[in-house]
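Printed here is my_file11.tsv (TSV, C-alpha atoms):
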```tsv
chain	number	residue	atom	x	y	z
A	10	MET	CA	-72.23	11.81	3.64
A	11	THR	CA	-69.78	14.44	4.75
A	12	PHE	CA	-67.60	15.15	7.74
A	13	THR	CA	-66.97	18.77	8.60
A	14	VAL	CA	-64.24	19.74	11.04
A	15	THR	CA	-64.36	23.05	12.91
A	16	GLN	CA	-62.47	24.35	15.91
A	17	SER	CA	-63.85	25.75	19.18
A	18	GLY	CA	-60.97	26.76	21.43
A	19	ASP	CA	-58.84	23.65	21.87
A	20	VAL	CA	-61.65	21.28	20.86
A	21	SER	CA	-61.95	19.92	17.32
A	22	ILE	CA	-65.58	19.37	16.39
A	23	VAL	CA	-66.42	16.79	13.73
A	24	GLU	CA	-69.93	16.99	12.36
A	25	VAL	CA	-71.30	13.82	10.75
A	26	ASP	CA	-73.78	14.67	8.01
A	27	GLY	CA	-75.66	11.59	6.76
A	28	GLN	CA	-74.68	8.04	7.65
A	29	LEU	CA	-71.62	6.79	9.47
A	30	ILE	CA	-71.25	3.30	8.04
A	31	VAL	CA	-68.78	0.80	6.64
A	32	SER	CA	-68.36	2.73	3.39
A	33	ASN	CA	-67.21	6.02	4.95
A	34	ARG	CA	-65.84	5.11	8.39
A	35	GLN	CA	-62.22	5.39	7.19
A	36	GLU	CA	-62.87	8.97	6.11
A	37	LEU	CA	-64.00	9.89	9.61
A	38	LYS	CA	-61.04	8.06	11.12
A	39	GLN	CA	-58.60	9.94	8.90
A	40	LYS	CA	-60.21	13.32	9.70
A	41	VAL	CA	-59.77	12.70	13.43
A	42	LEU	CA	-56.25	11.30	13.04
A	43	ASP	CA	-55.34	14.42	11.06
A	44	GLN	CA	-56.48	16.53	14.01
A	45	LEU	CA	-54.37	14.41	16.39
A	46	GLU	CA	-51.40	14.90	14.09
A	47	LYS	CA	-51.88	18.65	14.43
A	48	GLY	CA	-51.75	18.33	18.21
A	49	THR	CA	-55.46	18.29	19.06
A	50	ARG	CA	-56.24	16.21	22.15
A	51	LYS	CA	-59.95	17.02	22.52
A	52	VAL	CA	-62.38	15.86	19.87
A	53	LEU	CA	-66.15	16.19	19.86
A	54	VAL	CA	-68.20	14.22	17.35
A	55	ASP	CA	-71.52	15.94	16.73
A	56	PHE	CA	-74.34	13.72	15.45
A	57	ALA	CA	-77.01	16.42	15.09
A	58	ARG	CA	-77.22	15.80	11.33
A	59	THR	CA	-76.62	12.04	11.36
A	60	SER	CA	-79.22	9.64	9.98
A	61	TYR	CA	-77.88	6.26	11.10
A	62	ILE	CA	-74.75	4.46	12.24
A	63	ASP	CA	-73.81	0.82	11.70
A	64	SER	CA	-71.51	-1.46	13.69
A	65	SER	CA	-68.50	-0.37	11.62
A	66	GLY	CA	-69.25	3.26	12.47
A	67	LEU	CA	-69.53	2.36	16.14
A	68	GLY	CA	-66.28	0.42	15.85
A	69	VAL	CA	-64.37	3.35	14.44
A	70	LEU	CA	-65.57	5.53	17.33
A	71	VAL	CA	-64.30	2.91	19.79
A	72	SER	CA	-60.98	2.75	17.96
A	73	LEU	CA	-60.57	6.54	17.96
A	74	ALA	CA	-61.54	6.82	21.62
A	75	LYS	CA	-58.84	4.27	22.48
A	76	ARG	CA	-56.24	6.16	20.45
A	77	MET	CA	-57.22	9.48	22.05
A	78	ARG	CA	-56.87	8.02	25.55
A	79	GLU	CA	-53.47	6.57	24.71
A	80	LEU	CA	-52.39	10.10	23.82
A	81	GLY	CA	-53.89	11.56	26.98
A	82	GLY	CA	-56.81	13.06	25.10
A	83	ASP	CA	-60.54	12.48	24.99
A	84	LEU	CA	-63.22	11.89	22.38
A	85	ARG	CA	-66.75	12.84	23.34
A	86	LEU	CA	-70.11	12.69	21.59
A	87	ALA	CA	-73.09	15.04	21.32
A	88	ASN	CA	-76.57	15.33	19.88
A	89	LEU	CA	-77.61	11.69	19.58
A	90	ASN	CA	-81.28	11.49	18.59
A	91	ASP	CA	-83.50	8.82	20.18
A	92	ASP	CA	-82.69	6.25	17.50
A	93	LEU	CA	-78.94	6.73	17.78
A	94	GLN	CA	-79.20	6.73	21.57
A	95	THR	CA	-80.96	3.34	21.33
A	96	LEU	CA	-78.09	2.03	19.23
A	97	PHE	CA	-75.55	3.06	21.86
A	98	GLU	CA	-77.69	1.59	24.65
A	99	LEU	CA	-78.18	-1.75	22.85
A	100	THR	CA	-74.44	-2.11	22.40
A	101	LYS	CA	-73.67	-0.73	25.89
A	102	LEU	CA	-71.48	1.93	24.28
A	103	ASP	CA	-73.40	4.57	26.19
A	104	THR	CA	-71.27	3.40	29.14
A	105	LEU	CA	-68.00	3.86	27.26
A	106	PHE	CA	-68.51	7.36	25.89
A	107	GLN	CA	-69.35	10.65	27.51
A	108	ILE	CA	-72.44	11.74	25.62
A	109	SER	CA	-73.94	15.24	25.86
A	110	GLU	CA	-77.36	16.36	24.72
A	111	SER	CA	-75.99	19.44	22.94
A	112	ARG	CA	-72.78	20.73	21.44
A	113	GLU	CA	-72.64	23.52	24.02
A	114	ARG	CA	-72.92	21.10	26.95
A	115	ALA	CA	-70.27	18.89	25.43
A	116	LEU	CA	-67.87	21.80	25.00
A	117	GLU	CA	-68.43	22.84	28.60
A	118	SER	CA	-67.68	19.28	29.75
A	119	PHE	CA	-64.12	19.20	28.43
B	15	MET	CA	-102.08	12.11	5.02
B	16	GLU	CA	-102.60	10.10	1.87
B	17	ALA	CA	-100.69	6.84	1.69
B	18	ALA	CA	-97.86	6.72	-0.82
B	19	PRO	CA	-98.40	4.17	-3.60
B	20	ALA	CA	-96.90	0.74	-2.94
B	21	LEU	CA	-93.60	0.12	-4.70
B	22	GLU	CA	-92.61	-3.08	-6.46
B	23	ASP	CA	-90.49	-5.66	-4.69
B	24	LEU	CA	-86.77	-5.09	-4.97
B	25	ASP	CA	-84.66	-7.76	-6.64
B	26	ILE	CA	-81.16	-6.58	-7.43
B	27	ARG	CA	-77.61	-7.92	-7.79
B	28	ILE	CA	-74.65	-5.76	-6.84
B	29	PRO	CA	-70.86	-6.20	-7.00
B	30	SER	CA	-69.08	-6.75	-3.68
B	31	ASP	CA	-68.35	-3.10	-3.01
B	32	VAL	CA	-69.52	-1.34	0.16
B	33	GLN	CA	-70.17	1.85	-1.82
B	34	TYR	CA	-73.42	0.25	-3.06
B	35	ILE	CA	-74.84	-0.19	0.44
B	36	ALA	CA	-76.32	3.26	1.08
B	37	ASP	CA	-78.26	3.28	-2.18
B	38	ILE	CA	-79.75	-0.18	-1.58
B	39	VAL	CA	-80.74	0.82	1.95
B	40	ASP	CA	-82.37	3.97	0.60
B	41	GLN	CA	-84.40	1.96	-1.92
B	42	VAL	CA	-85.64	-0.44	0.76
B	43	VAL	CA	-86.47	2.35	3.23
B	44	ARG	CA	-88.54	4.08	0.53
B	45	ARG	CA	-90.51	0.88	0.02
B	46	CYS	CA	-91.10	0.58	3.74
B	47	ALA	CA	-92.23	4.22	3.90
B	48	ALA	CA	-94.71	3.54	1.11
B	49	ALA	CA	-95.95	0.56	3.14
B	50	GLN	CA	-96.58	2.85	6.13
B	51	PHE	CA	-93.81	1.59	8.38
B	52	PRO	CA	-93.38	3.97	11.34
B	53	ARG	CA	-90.62	6.56	11.46
B	54	ARG	CA	-88.50	4.70	14.00
B	55	GLN	CA	-88.37	1.54	11.92
B	56	LEU	CA	-87.49	3.64	8.86
B	57	ALA	CA	-84.73	5.49	10.71
B	58	LEU	CA	-83.29	2.72	12.86
B	59	ASN	CA	-84.36	-0.89	12.40
B	60	VAL	CA	-84.40	-1.18	8.63
B	61	PRO	CA	-81.30	0.84	7.67
B	62	VAL	CA	-79.04	-0.49	10.40
B	63	ALA	CA	-80.01	-4.17	10.10
B	64	LEU	CA	-79.86	-4.12	6.29
B	65	THR	CA	-76.51	-2.31	6.32
B	66	GLU	CA	-75.16	-5.04	8.60
B	67	ALA	CA	-76.45	-7.83	6.36
B	68	LEU	CA	-75.00	-6.22	3.22
B	69	SER	CA	-71.73	-5.43	4.92
B	70	ASN	CA	-71.38	-9.03	6.13
B	71	ALA	CA	-72.16	-10.38	2.66
B	72	ILE	CA	-69.63	-8.10	0.95
B	73	LEU	CA	-66.80	-8.17	3.47
B	74	ARG	CA	-67.05	-11.66	4.95
B	75	GLY	CA	-69.13	-13.77	2.58
B	76	ASN	CA	-67.60	-12.48	-0.65
B	77	ARG	CA	-64.36	-11.24	0.95
B	78	GLU	CA	-64.71	-7.97	-0.96
B	79	VAL	CA	-63.91	-9.63	-4.29
B	80	VAL	CA	-65.77	-7.16	-6.51
B	81	SER	CA	-66.63	-9.76	-9.15
B	82	ARG	CA	-68.56	-11.78	-6.58
B	83	VAL	CA	-72.23	-10.90	-6.51
B	84	VAL	CA	-74.53	-10.00	-3.64
B	85	HIS	CA	-78.19	-10.66	-4.43
B	86	VAL	CA	-80.69	-8.56	-2.49
B	87	ARG	CA	-84.41	-9.13	-2.40
B	88	ALA	CA	-86.92	-7.07	-0.44
B	89	ARG	CA	-90.61	-7.77	-0.45
B	90	MET	CA	-93.65	-6.78	1.55
B	91	GLU	CA	-95.78	-9.62	2.86
B	92	ALA	CA	-98.97	-8.19	4.38
B	93	ASP	CA	-97.69	-6.35	7.45
B	94	ARG	CA	-94.05	-7.34	7.28
B	95	LEU	CA	-90.84	-6.71	5.38
B	96	VAL	CA	-88.81	-9.73	4.28
B	97	LEU	CA	-85.22	-9.11	3.24
B	98	GLU	CA	-82.93	-11.72	1.75
B	99	VAL	CA	-79.23	-11.07	1.22
B	100	ARG	CA	-77.33	-13.78	-0.62
B	101	ASP	CA	-73.58	-13.97	-1.04
B	102	GLU	CA	-71.18	-16.52	-2.55
B	103	GLY	CA	-69.55	-17.49	0.73
B	104	GLU	CA	-69.73	-20.73	2.66
B	105	GLY	CA	-72.04	-19.42	5.33
B	106	PHE	CA	-71.65	-19.26	9.09
B	107	ASP	CA	-73.28	-20.35	12.32
B	108	LEU	CA	-75.54	-17.48	13.29
B	109	ASP	CA	-75.70	-18.31	16.99
B	110	ALA	CA	-72.01	-19.08	17.37
B	111	CYS	CA	-70.99	-15.88	15.60
B	112	THR	CA	-73.32	-13.52	17.48
B	113	GLU	CA	-71.39	-11.71	20.20
B	114	ASP	CA	-73.02	-10.27	23.32
B	115	PRO	CA	-71.75	-6.70	23.75
B	116	ALA	CA	-72.28	-6.99	27.51
B	117	ARG	CA	-69.78	-9.84	27.76
B	118	GLU	CA	-66.51	-8.90	29.39
B	119	GLY	CA	-63.98	-7.55	26.94
B	120	ASN	CA	-66.48	-6.97	24.14
B	121	LEU	CA	-67.24	-3.36	25.01
B	122	VAL	CA	-63.87	-2.08	23.81
B	123	ARG	CA	-63.71	-4.27	20.72
B	124	GLU	CA	-63.87	-2.48	17.41
B	125	ASP	CA	-65.83	-5.25	15.70
B	126	GLY	CA	-68.31	-7.97	16.58
B	127	ARG	CA	-71.53	-5.95	16.95
B	128	GLY	CA	-73.06	-6.51	13.50
B	129	LEU	CA	-74.98	-9.75	14.01
B	130	PHE	CA	-76.08	-8.64	17.47
B	131	LEU	CA	-77.55	-5.43	16.05
B	132	MET	CA	-79.20	-7.27	13.17
B	133	ARG	CA	-80.90	-9.66	15.58
B	134	SER	CA	-81.82	-6.91	18.03
B	135	LEU	CA	-83.45	-4.73	15.39
B	136	MET	CA	-85.33	-7.39	13.41
B	137	ASP	CA	-88.13	-9.69	14.57
B	138	HIS	CA	-86.52	-12.71	13.00
B	139	VAL	CA	-83.11	-13.48	11.46
B	140	GLU	CA	-82.21	-16.78	9.87
B	141	ARG	CA	-79.35	-18.05	7.77
B	142	TYR	CA	-79.43	-20.89	5.32
B	143	SER	CA	-77.67	-22.17	2.22
B	144	ASP	CA	-79.29	-22.63	-1.17
B	145	GLY	CA	-76.24	-22.85	-3.34
B	146	GLY	CA	-75.19	-19.55	-1.85
B	147	ASN	CA	-75.29	-18.20	1.67
B	148	VAL	CA	-78.55	-16.42	2.51
B	149	VAL	CA	-79.46	-14.25	5.48
B	150	ARG	CA	-83.18	-13.59	5.76
B	151	LEU	CA	-84.43	-10.75	7.92
B	152	THR	CA	-88.07	-10.24	8.84
B	153	LEU	CA	-89.61	-7.14	10.42
B	154	ARG	CA	-93.27	-6.68	11.24
B	155	ARG	CA	-94.65	-3.21	10.78
B	156	ALA	CA	-95.05	-1.76	14.30
```
Using structure tokens, write down the structure that the file contains.
Amino acid sequence: MTFTVTQSGDVSIVEVDGQLIVSNRQELKQKVLDQLEKGTRKVLVDFARTSYIDSSGLGVLVSLAKRMRELGGDLRLANLNDDLQTLFELTKLDTLFQISESRERALESF
Amino acid sequence: MEAAPALEDLDIRIPSDVQYIADIVDQVVRRCAAAQFPRRQLALNVPVALTEALSNAILRGNREVVSRVVHVRARMEADRLVLEVRDEGEGFDLDACTEDPAREGNLVREDGRGLFLMRSLMDHVERYSDGGNVVRLTLRRA
């Protein structure tokens, strides 16, 4: 389980490798908050290498999206596989987040 | 492809620490793979529902008191997986505590999706007390 942060222009990209669950959600939250602290207002979470997400992982994404919006920024998602997409649809979170099918599309959307 | 050999039932007790969850989930998924469960159930239904059950037991049932034990059992019964997660808490009303994410206001909540996901991803979820608080999850092989 690792979170890798890279930069593409003014967008911070966080790649989730492995699970995003109750045991590591705070690590993701801190990584994104660190980017906000540095002045970043556009964050893309890339799930291309993610195995599964639990409700705590979903909750931290909701929390971060709220914080980003309060600061006039935006948090977007990319590369959900069919299983992860199902998770977002079941919880209706596909209506809350802007989700792109690839990192490139997501970067273009900002 | 040759079927993997069946693995023994899992019967394990862990301290109330969320760092144990991923390993338990991995052990159960490997058993389901050996029992020929399809990829989607291995990647979605089993790991997410079991993570929710373990997380509830550790955080809510045992209030993250490390000395309190979570007892996990996983067994294959013909074409189905039966999971039992027991904590030392007082239990809860499964129906009353399950939130509908479509209900107004719930979409932007940070919590409250765990039981809903567990029930959406398993064929059957029940909760009962037997001296401890037990959540039993059942999933038929698709």
Practice problem: Can you work out which one of B:Val122, B:Ala63, B:Leu56, B:Leu73 has the shortest atom-to-atom distance to B:Arg44, counting all atoms listed in the file? | Solution: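 Smallest distance to B:Arg44 is found for B:Leu56.
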Tell me, as a list in words, which residues lie within 8 Å of B:Val148, counting only C-alpha atoms; anything in the same chain fewer than 5 positions away does not count.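 Counting only the stated atoms, we get Glu98, Val99, Arg100, Asp101, Gly105, Arg141, Tyr142 and Ser143 of chain B.
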Writing out the chosen residues with C-alpha atoms as a compact mmCIF listing (two decimals), in the frame of the given file:
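The file below, result25.txt, is the result:
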```txt
# COMPACT_ATOMS: atom_id res chain seq x y z
CA GLU B 98 -82.93 -11.72 1.75
CA VAL B 99 -79.23 -11.07 1.22
CA ARG B 100 -77.33 -13.78 -0.62
CA ASP B 101 -73.58 -13.97 -1.04
CA GLY B 105 -72.04 -19.42 5.33
CA ARG B 141 -79.35 -18.05 7.77
CA TYR B 142 -79.43 -20.89 5.32
CA SER B 143 -77.67 -22.17 2.22
```
Taking only residues of chain B that have an atom at most 6 Å from an atom of chain A, what is each one's shortest atom pair and its distance in Å to one decimal, using only C-alpha atoms, in chain and number order, as CSV?
```
residue,atom,partner,partner_atom,distance
B:Val32,CA,A:Ser32,CA,5.3
B:Gln33,CA,A:Ser32,CA,5.6
B:Leu58,CA,A:Asp92,CA,5.9
B:Val62,CA,A:Asp63,CA,5.5
B:Pro115,CA,A:Thr100,CA,5.5
B:Glu124,CA,A:Gly68,CA,4.1
B:Asp125,CA,A:Gly68,CA,5.7
B:Arg127,CA,A:Ser64,CA,5.5
B:Gly128,CA,A:Ser64,CA,5.3
```
Close residues, A:Lys51 itself excluded, 9 Å, all atoms listed in the file, min 3 positions apart in chain, as a list in words
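That gives Asp19, Val20, Ser21, Ile22, Leu45, Met77, Gly82, Asp83, Leu84, Arg85 and Phe119 of chain A.
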In Å and to one decimal, atom CA of B:Val86 is distant from atom CA of B:Ile26 by 5.3 Å
**Prompt:** Which is closer to A:Phe97 than all the others in B:Glu104, B:Leu64, B:Leu131, B:Asp23, using all atoms listed in the file?
**Reply:**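 Of all the options, B:Leu131 lies closest to A:Phe97.
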Please reconstruct the missing atoms of stretch 66-96 of chain A (target: N, CA and C atoms) and return them as an mmCIF file, keeping the file's coordinate frame.
```
data_model
loop_
_atom_site.group_PDB
_atom_site.id
_atom_site.type_symbol
_atom_site.label_atom_id
_atom_site.label_comp_id
_atom_site.auth_asym_id
_atom_site.auth_seq_id
_atom_site.Cartn_x
_atom_site.Cartn_y
_atom_site.Cartn_z
ATOM 1 N N GLY A 66 -69.332 1.877 11.992
ATOM 2 C CA GLY A 66 -69.250 3.260 12.470
ATOM 3 C C GLY A 66 -69.017 3.294 13.968
ATOM 4 N N LEU A 67 -69.734 2.435 14.687
ATOM 5 C CA LEU A 67 -69.530 2.360 16.140
ATOM 6 C C LEU A 67 -68.095 1.911 16.431
ATOM 7 N N GLY A 68 -67.627 0.941 15.643
ATOM 8 C CA GLY A 68 -66.280 0.420 15.850
ATOM 9 C C GLY A 68 -65.205 1.472 15.660
ATOM 10 N N VAL A 69 -65.384 2.327 14.687
ATOM 11 C CA VAL A 69 -64.370 3.350 14.440
ATOM 12 C C VAL A 69 -64.372 4.372 15.584
ATOM 13 N N LEU A 70 -65.527 4.626 16.170
ATOM 14 C CA LEU A 70 -65.570 5.530 17.330
ATOM 15 C C LEU A 70 -64.816 4.914 18.516
ATOM 16 N N VAL A 71 -65.007 3.601 18.712
ATOM 17 C CA VAL A 71 -64.300 2.910 19.790
ATOM 18 C C VAL A 71 -62.790 2.980 19.553
ATOM 19 N N SER A 72 -62.390 2.730 18.318
ATOM 20 C CA SER A 72 -60.980 2.750 17.960
ATOM 21 C C SER A 72 -60.364 4.135 18.196
ATOM 22 N N LEU A 73 -61.083 5.171 17.781
ATOM 23 C CA LEU A 73 -60.570 6.540 17.960
ATOM 24 C C LEU A 73 -60.521 6.931 19.438
ATOM 25 N N ALA A 74 -61.529 6.504 20.188
ATOM 26 C CA ALA A 74 -61.540 6.820 21.620
ATOM 27 C C ALA A 74 -60.329 6.204 22.312
ATOM 28 N N LYS A 75 -60.018 4.953 21.916
ATOM 29 C CA LYS A 75 -58.840 4.270 22.480
ATOM 30 C C LYS A 75 -57.571 5.043 22.162
ATOM 31 N N ARG A 76 -57.440 5.440 20.901
ATOM 32 C CA ARG A 76 -56.240 6.160 20.450
ATOM 33 C C ARG A 76 -56.106 7.493 21.190
ATOM 34 N N MET A 77 -57.234 8.179 21.347
ATOM 35 C CA MET A 77 -57.220 9.480 22.050
ATOM 36 C C MET A 77 -56.734 9.293 23.486
ATOM 37 N N ARG A 78 -57.249 8.248 24.144
ATOM 38 C CA ARG A 78 -56.870 8.020 25.550
ATOM 39 C C ARG A 78 -55.392 7.668 25.663
ATOM 40 N N GLU A 79 -54.899 6.898 24.708
ATOM 41 C CA GLU A 79 -53.470 6.570 24.710
ATOM 42 C C GLU A 79 -52.612 7.828 24.650
ATOM 43 N N LEU A 80 -53.141 8.842 23.986
ATOM 44 C CA LEU A 80 -52.390 10.100 23.820
ATOM 45 C C LEU A 80 -52.743 11.116 24.903
ATOM 46 N N GLY A 81 -53.507 10.673 25.892
ATOM 47 C CA GLY A 81 -53.890 11.560 26.980
ATOM 48 C C GLY A 81 -55.017 12.512 26.612
ATOM 49 N N GLY A 82 -55.709 12.208 25.543
ATOM 50 C CA GLY A 82 -56.810 13.060 25.100
ATOM 51 C C GLY A 82 -58.164 12.442 25.374
ATOM 52 N N ASP A 83 -59.191 13.000 24.762
ATOM 53 C CA ASP A 83 -60.540 12.480 24.990
ATOM 54 C C ASP A 83 -61.414 12.734 23.757
ATOM 55 N N LEU A 84 -62.246 11.758 23.463
ATOM 56 C CA LEU A 84 -63.220 11.890 22.380
ATOM 57 C C LEU A 84 -64.606 11.801 22.997
ATOM 58 N N ARG A 85 -65.406 12.829 22.773
ATOM 59 C CA ARG A 85 -66.750 12.840 23.340
ATOM 60 C C ARG A 85 -67.789 13.015 22.233
ATOM 61 N N LEU A 86 -69.036 12.700 22.580
ATOM 62 C CA LEU A 86 -70.110 12.690 21.590
ATOM 63 C C LEU A 86 -71.243 13.627 22.008
ATOM 64 N N ALA A 87 -71.953 14.163 21.010
ATOM 65 C CA ALA A 87 -73.090 15.040 21.320
ATOM 66 C C ALA A 87 -74.207 14.858 20.305
ATOM 67 N N ASN A 88 -75.403 15.227 20.758
ATOM 68 C CA ASN A 88 -76.570 15.330 19.880
ATOM 69 C C ASN A 88 -77.041 14.003 19.275
ATOM 70 N N LEU A 89 -77.039 12.949 20.072
ATOM 71 C CA LEU A 89 -77.610 11.690 19.580
ATOM 72 C C LEU A 89 -79.137 11.808 19.635
ATOM 73 N N ASN A 90 -79.805 11.523 18.523
ATOM 74 C CA ASN A 90 -81.280 11.490 18.590
ATOM 75 C C ASN A 90 -81.708 10.174 19.277
ATOM 76 N N ASP A 91 -83.013 9.999 19.450
ATOM 77 C CA ASP A 91 -83.500 8.820 20.180
ATOM 78 C C ASP A 91 -83.060 7.503 19.527
ATOM 79 N N ASP A 92 -83.054 7.489 18.207
ATOM 80 C CA ASP A 92 -82.690 6.250 17.500
ATOM 81 C C ASP A 92 -81.204 5.932 17.699
ATOM 82 N N LEU A 93 -80.378 6.957 17.584
ATOM 83 C CA LEU A 93 -78.940 6.730 17.780
ATOM 84 C C LEU A 93 -78.645 6.382 19.238
ATOM 85 N N GLN A 94 -79.373 7.032 20.148
ATOM 86 C CA GLN A 94 -79.200 6.730 21.570
ATOM 87 C C GLN A 94 -79.521 5.245 21.824
ATOM 88 N N THR A 95 -80.584 4.755 21.194
ATOM 89 C CA THR A 95 -80.960 3.340 21.330
ATOM 90 C C THR A 95 -79.824 2.429 20.871
ATOM 91 N N LEU A 96 -79.198 2.824 19.765
ATOM 92 C CA LEU A 96 -78.090 2.030 19.230
ATOM 93 C C LEU A 96 -76.936 1.938 20.243
#
```
